[in-house]
$ cat structure19.tsv   # TSV, C-alpha atoms
chain	number	residue	atom	x	y	z
P	13	MET	CA	0.00	0.00	0.00
P	14	ALA	CA	1.39	3.43	-0.87
P	15	ASP	CA	2.26	5.81	1.93
P	16	GLU	CA	0.05	8.85	2.18
P	17	GLN	CA	1.34	12.19	3.38
P	18	GLY	CA	0.04	14.17	6.30
P	19	ASP	CA	-0.38	17.97	6.45
P	20	ASN	CA	3.33	18.47	7.13
P	21	GLY	CA	4.38	16.26	4.17
P	22	ALA	CA	5.60	13.43	6.43
P	23	PRO	CA	4.37	9.90	5.65
P	24	MET	CA	1.29	8.82	7.61
P	25	ASP	CA	1.10	5.36	9.18
P	26	LEU	CA	-2.16	4.04	7.68
P	27	ASN	CA	-2.24	1.17	10.18
P	28	ASN	CA	-1.90	3.56	13.13
P	29	GLY	CA	0.57	1.10	14.56
P	30	ALA	CA	-2.03	-1.66	14.71
P	31	GLY	CA	-1.53	-4.20	11.94
P	32	ASN	CA	-4.14	-6.54	13.41
P	33	GLY	CA	-7.20	-4.31	12.98
P	34	PRO	CA	-9.96	-5.12	10.48
P	35	GLN	CA	-8.92	-4.43	6.88
P	36	VAL	CA	-11.12	-4.47	3.78
P	37	GLY	CA	-10.06	-3.91	0.20
P	38	VAL	CA	-11.68	-4.26	-3.21
P	39	ILE	CA	-9.28	-6.20	-5.43
P	40	ALA	CA	-11.36	-6.29	-8.62
P	41	GLN	CA	-14.87	-5.95	-10.01
P	42	TYR	CA	-15.98	-7.74	-13.16
P	43	ILE	CA	-18.81	-9.09	-15.29
P	44	LYS	CA	-18.98	-12.88	-15.03
P	45	ASP	CA	-22.00	-13.25	-17.30
P	46	LEU	CA	-24.18	-10.82	-19.26
P	47	SER	CA	-27.10	-11.70	-21.49
P	48	PHE	CA	-29.60	-9.50	-23.30
P	49	GLU	CA	-32.55	-10.90	-25.23
P	50	ASN	CA	-34.88	-8.93	-27.48
P	51	PRO	CA	-37.18	-11.74	-28.68
P	52	ALA	CA	-39.89	-9.59	-30.25
P	53	ALA	CA	-37.68	-7.30	-32.33
P	54	PRO	CA	-38.45	-5.47	-34.53
P	55	ALA	CA	-42.18	-5.47	-33.68
P	56	VAL	CA	-41.46	-4.52	-30.04
P	57	TYR	CA	-40.49	-0.99	-31.12
P	58	GLN	CA	-44.06	-0.37	-32.29
P	59	TRP	CA	-45.78	-1.58	-29.12
P	60	GLN	CA	-47.76	1.12	-27.36
P	61	SER	CA	-48.18	-0.45	-23.91
P	62	GLN	CA	-45.72	0.16	-21.12
P	63	PRO	CA	-43.98	-3.09	-20.07
P	64	GLN	CA	-44.11	-4.33	-16.47
P	65	MET	CA	-40.68	-4.96	-14.98
P	66	ASP	CA	-39.91	-8.10	-13.00
P	67	VAL	CA	-36.62	-7.67	-11.15
P	68	GLN	CA	-34.98	-10.55	-9.29
P	69	VAL	CA	-31.79	-10.10	-7.25
P	70	ASN	CA	-29.67	-12.89	-5.77
P	71	ILE	CA	-26.47	-12.64	-3.77
P	72	GLY	CA	-23.76	-15.22	-3.24
P	73	ALA	CA	-20.30	-15.32	-1.73
P	74	VAL	CA	-17.46	-17.82	-1.88
P	75	ASN	CA	-14.02	-17.99	-0.35
P	76	VAL	CA	-11.50	-18.10	-3.21
P	77	GLY	CA	-8.27	-17.90	-1.23
P	78	THR	CA	-6.68	-16.85	2.02
P	79	ASP	CA	-8.51	-13.68	3.10
P	80	VAL	CA	-10.04	-13.33	-0.40
P	81	HIS	CA	-13.76	-13.67	-1.08
P	82	GLU	CA	-15.81	-13.32	-4.23
P	83	VAL	CA	-19.20	-11.63	-3.85
P	84	GLN	CA	-21.64	-12.28	-6.70
P	85	LEU	CA	-24.62	-10.07	-7.48
P	86	LYS	CA	-27.07	-11.65	-9.94
P	87	ILE	CA	-29.74	-9.37	-11.38
P	88	ASP	CA	-32.42	-10.68	-13.75
P	89	VAL	CA	-34.85	-8.22	-15.34
P	90	THR	CA	-37.75	-9.22	-17.57
P	91	ALA	CA	-39.93	-6.58	-19.25
P	92	ASN	CA	-43.33	-8.01	-20.16
P	93	ALA	CA	-45.99	-6.12	-22.13
P	94	ASP	CA	-49.47	-7.17	-23.26
P	95	GLN	CA	-47.98	-8.37	-26.56
P	96	GLY	CA	-45.22	-10.48	-24.98
P	97	THR	CA	-41.69	-10.16	-23.63
P	98	ALA	CA	-40.11	-6.86	-24.64
P	99	PHE	CA	-36.65	-7.73	-23.34
P	100	ARG	CA	-34.75	-9.71	-20.76
P	101	VAL	CA	-31.38	-8.88	-19.28
P	102	GLU	CA	-29.37	-11.11	-16.95
P	103	LEU	CA	-26.23	-9.88	-15.24
P	104	LEU	CA	-23.86	-11.75	-12.95
P	105	TYR	CA	-21.53	-9.10	-11.57
P	106	ALA	CA	-18.84	-9.96	-9.04
P	107	GLY	CA	-16.15	-8.44	-6.91
P	108	LEU	CA	-13.09	-9.81	-5.18
P	109	PHE	CA	-12.69	-8.53	-1.64
P	110	ALA	CA	-9.63	-8.86	0.56
P	111	LEU	CA	-10.84	-9.21	4.14
P	112	ARG	CA	-8.34	-9.43	6.98
P	113	ASN	CA	-8.95	-9.63	10.71
P	114	ILE	CA	-12.74	-9.53	10.32
P	115	PRO	CA	-14.49	-11.24	13.24
P	116	ASP	CA	-16.41	-14.37	12.18
P	117	GLU	CA	-19.74	-12.87	13.25
P	118	GLN	CA	-19.15	-9.88	10.95
P	119	LEU	CA	-17.86	-11.76	7.90
P	120	GLN	CA	-21.22	-12.98	6.56
P	121	PRO	CA	-22.96	-9.60	7.04
P	122	PHE	CA	-20.14	-7.96	5.09
P	123	LEU	CA	-20.22	-10.51	2.27
P	124	LEU	CA	-24.02	-10.55	1.92
P	125	ALA	CA	-24.88	-6.92	2.69
P	126	GLU	CA	-21.95	-4.52	2.41
P	127	GLY	CA	-20.23	-6.23	-0.54
P	128	PRO	CA	-23.38	-6.16	-2.71
P	129	ARG	CA	-24.00	-2.53	-1.66
P	130	LEU	CA	-20.56	-1.62	-3.03
P	131	LEU	CA	-21.11	-3.56	-6.28
P	132	PHE	CA	-24.69	-2.45	-7.00
P	133	PRO	CA	-24.04	1.02	-8.51
P	134	PHE	CA	-21.75	-0.53	-11.14
P	135	ALA	CA	-24.18	-3.35	-11.90
P	136	ARG	CA	-27.01	-0.80	-12.14
P	137	GLN	CA	-25.07	1.18	-14.73
P	138	ILE	CA	-24.27	-1.94	-16.76
P	139	ILE	CA	-27.98	-2.85	-16.85
P	140	ALA	CA	-28.95	0.70	-17.89
P	141	ASP	CA	-26.34	0.76	-20.66
P	142	THR	CA	-27.25	-2.73	-21.90
P	143	VAL	CA	-30.97	-1.92	-22.10
P	144	THR	CA	-30.17	1.33	-23.91
P	145	HIS	CA	-27.95	-0.48	-26.42
P	146	GLY	CA	-30.86	-2.89	-26.96
P	147	GLY	CA	-32.92	0.03	-28.28
P	148	PHE	CA	-34.95	0.79	-25.14
P	149	PRO	CA	-34.93	3.72	-22.70
P	150	PRO	CA	-32.37	3.24	-19.91
P	151	LEU	CA	-33.61	1.14	-17.02
P	152	LEU	CA	-32.44	2.70	-13.76
P	153	LEU	CA	-33.04	0.22	-10.97
P	154	ASP	CA	-34.09	1.64	-7.62
P	155	PRO	CA	-31.50	1.45	-4.84
P	156	ILE	CA	-31.66	-1.72	-2.76
P	157	ASP	CA	-31.24	-1.85	1.02
P	158	PHE	CA	-28.96	-4.88	1.15
P	159	GLY	CA	-28.42	-4.46	4.89
P	160	GLY	CA	-32.17	-4.51	5.51
P	161	LEU	CA	-32.61	-7.56	3.29
P	162	TYR	CA	-29.81	-9.36	5.11
P	163	MET	CA	-31.39	-8.60	8.50
P	164	GLN	CA	-34.81	-9.74	7.25
P	165	ARG	CA	-33.43	-13.03	5.95
P	166	ALA	CA	-31.39	-13.59	9.13
P	167	ALA	CA	-34.53	-13.06	11.23
P	168	GLN	CA	-36.44	-15.48	9.00
P	169	ALA	CA	-33.69	-18.11	9.31
P	170	GLN	CA	-33.66	-17.70	13.08
P	171	ALA	CA	-37.45	-18.03	13.27
P	172	GLU	CA	-37.33	-21.19	11.14
P	173	ALA	CA	-34.56	-22.64	13.33
P	174	THR	CA	-36.53	-22.01	16.52
P	175	GLY	CA	-39.86	-23.11	15.07
P	176	GLY	CA	-41.32	-19.61	15.25
P	177	GLN	CA	-43.73	-17.96	12.86
P	178	VAL	CA	-42.09	-16.92	9.61
P	179	GLY	CA	-43.36	-13.89	7.70
P	180	GLU	CA	-43.19	-13.46	3.97
P	181	ILE	CA	-40.23	-11.60	2.49
P	182	THR	CA	-41.38	-8.90	0.13
P	183	GLY	CA	-40.09	-8.96	-3.43
P	184	LEU	CA	-37.81	-6.43	-5.06
P	185	ALA	CA	-39.93	-5.79	-8.14
$ encode --input "structure19.tsv" --output "structure tokens"
Amino acid sequence: MADEQGDNGAPMDLNNGAGNGPQVGVIAQYIKDLSFENPAAPAVYQWQSQPQMDVQVNIGAVNVGTDVHEVQLKIDVTANADQGTAFRVELLYAGLFALRNIPDEQLQPFLLAEGPRLLFPFARQIIADTVTHGGFPPLLLDPIDFGGLYMQRAAQAQAEATGGQVGEITGLA
């Protein structure tokens, strides 16, 4: 890591003398898979009805090495109109994160909430650009509260484990 300089021009110790504190770094972000389908072209460009958007989001994380994890954000969007499917776009966007000295109880919340939050703006832009290049107006997905979704799913898993009542998780569409 490069040394940064303080106000007086002297190098700053970025570890503050504590090399065992939590450290997080984004190593890389990349498209693993991208698909765009326009099955009704060219007739779709004459349709008058506004399509309904079905948006599905899935998150996954895997350990790919010592202190290195891949977070995957899968976004599937299908635009259906009265006449049929206008378009479908599927994106699997991922990031490699270096995570050091993260307590075990905080690792999963980072990988399934904070990691996707960091990746989402880039995935959102890729979807908007892809839909635009497909001949449609840009599709700007609404922000997603990944932390809230993680907490909701954790509460559901805990309720299932203890035999409690489980509520329904609301969709993202």
$ atom_distance --input "structure19.tsv" --atom1 "CA of Leu111 in chain P" --atom2 "CA of Leu46 in chain P"
27.0 Å
$ closest_residue --input "structure19.tsv" --among "P:Ile87, P:Ala169, P:Ala106, P:Val67" --to "Leu123 in chain P" --atoms "all atoms listed in the file"
P:Ala106
$ residues_near_point --input "structure19.tsv" --point "(-14.2, -15.9, -0.6)" --cutoff "9 Å" --atoms "only C-alpha atoms" --output "ChimeraX atom specification"
/P:73-83,108-111,123
$ decode --input "structure19.tsv" --residues "range 44-55 of chain P" --atoms "all heavy atoms" --output "short mmCIF file (atom, residue, chain, number, x, y, z; two decimals), in the first residue's frame"
data_model
loop_
_atom_site.label_atom_id
_atom_site.label_comp_id
_atom_site.auth_asym_id
_atom_site.auth_seq_id
_atom_site.Cartn_x
_atom_site.Cartn_y
_atom_site.Cartn_z
N LYS P 44 -19.19 -11.45 -14.83
CA LYS P 44 -18.98 -12.88 -15.03
C LYS P 44 -19.87 -13.39 -16.16
O LYS P 44 -19.49 -14.28 -16.90
CB LYS P 44 -19.28 -13.66 -13.75
CG LYS P 44 -18.21 -13.48 -12.69
CD LYS P 44 -18.41 -14.44 -11.55
CE LYS P 44 -17.84 -15.78 -11.91
NZ LYS P 44 -17.57 -16.64 -10.77
N ASP P 45 -21.07 -12.82 -16.26
CA ASP P 45 -22.00 -13.25 -17.30
C ASP P 45 -22.97 -12.10 -17.57
O ASP P 45 -23.45 -11.46 -16.63
CB ASP P 45 -22.77 -14.49 -16.85
CG ASP P 45 -23.60 -15.13 -17.95
OD1 ASP P 45 -23.26 -14.94 -19.14
OD2 ASP P 45 -24.59 -15.80 -17.63
N LEU P 46 -23.24 -11.86 -18.86
CA LEU P 46 -24.18 -10.82 -19.26
C LEU P 46 -24.94 -11.31 -20.47
O LEU P 46 -24.34 -11.77 -21.44
CB LEU P 46 -23.44 -9.52 -19.61
CG LEU P 46 -24.29 -8.37 -20.15
CD1 LEU P 46 -25.34 -7.92 -19.13
CD2 LEU P 46 -23.39 -7.20 -20.54
N SER P 47 -26.27 -11.25 -20.39
CA SER P 47 -27.10 -11.70 -21.49
C SER P 47 -28.23 -10.70 -21.69
O SER P 47 -28.85 -10.24 -20.73
CB SER P 47 -27.69 -13.08 -21.16
OG SER P 47 -28.66 -13.44 -22.11
N PHE P 48 -28.48 -10.36 -22.96
CA PHE P 48 -29.60 -9.50 -23.30
C PHE P 48 -30.38 -10.17 -24.42
O PHE P 48 -29.80 -10.58 -25.42
CB PHE P 48 -29.12 -8.12 -23.78
CG PHE P 48 -30.25 -7.19 -24.11
CD1 PHE P 48 -30.91 -6.49 -23.11
CD2 PHE P 48 -30.69 -7.06 -25.42
CE1 PHE P 48 -31.97 -5.65 -23.41
CE2 PHE P 48 -31.75 -6.22 -25.73
CZ PHE P 48 -32.39 -5.51 -24.74
N GLU P 49 -31.68 -10.30 -24.23
CA GLU P 49 -32.55 -10.90 -25.23
C GLU P 49 -33.62 -9.89 -25.63
O GLU P 49 -34.21 -9.24 -24.77
CB GLU P 49 -33.21 -12.16 -24.68
CG GLU P 49 -32.24 -13.23 -24.28
CD GLU P 49 -32.91 -14.39 -23.54
OE1 GLU P 49 -34.13 -14.56 -23.70
OE2 GLU P 49 -32.20 -15.08 -22.81
N ASN P 50 -33.86 -9.81 -26.92
CA ASN P 50 -34.88 -8.93 -27.48
C ASN P 50 -35.73 -9.79 -28.42
O ASN P 50 -35.63 -9.66 -29.64
CB ASN P 50 -34.19 -7.78 -28.22
CG ASN P 50 -35.13 -6.70 -28.66
OD1 ASN P 50 -36.34 -6.85 -28.58
ND2 ASN P 50 -34.56 -5.61 -29.13
N PRO P 51 -36.54 -10.72 -27.86
CA PRO P 51 -37.18 -11.74 -28.68
C PRO P 51 -38.25 -11.24 -29.65
O PRO P 51 -38.54 -11.92 -30.63
CB PRO P 51 -37.80 -12.69 -27.64
CG PRO P 51 -38.01 -11.84 -26.44
CD PRO P 51 -36.89 -10.85 -26.45
N ALA P 52 -38.80 -10.07 -29.40
CA ALA P 52 -39.89 -9.59 -30.25
C ALA P 52 -39.45 -8.52 -31.24
O ALA P 52 -40.28 -7.89 -31.89
CB ALA P 52 -41.03 -9.06 -29.38
N ALA P 53 -38.15 -8.31 -31.39
CA ALA P 53 -37.68 -7.30 -32.33
C ALA P 53 -37.98 -7.77 -33.75
O ALA P 53 -37.93 -8.95 -34.04
CB ALA P 53 -36.18 -7.09 -32.17
N PRO P 54 -38.33 -6.92 -34.65
CA PRO P 54 -38.45 -5.47 -34.53
C PRO P 54 -39.83 -4.98 -34.12
O PRO P 54 -40.03 -3.79 -33.88
CB PRO P 54 -38.12 -4.99 -35.95
CG PRO P 54 -38.65 -6.07 -36.83
CD PRO P 54 -38.44 -7.35 -36.05
N ALA P 55 -40.82 -5.89 -34.00
CA ALA P 55 -42.18 -5.47 -33.68
C ALA P 55 -42.27 -4.75 -32.33
O ALA P 55 -43.11 -3.87 -32.14
CB ALA P 55 -43.12 -6.68 -33.68
#
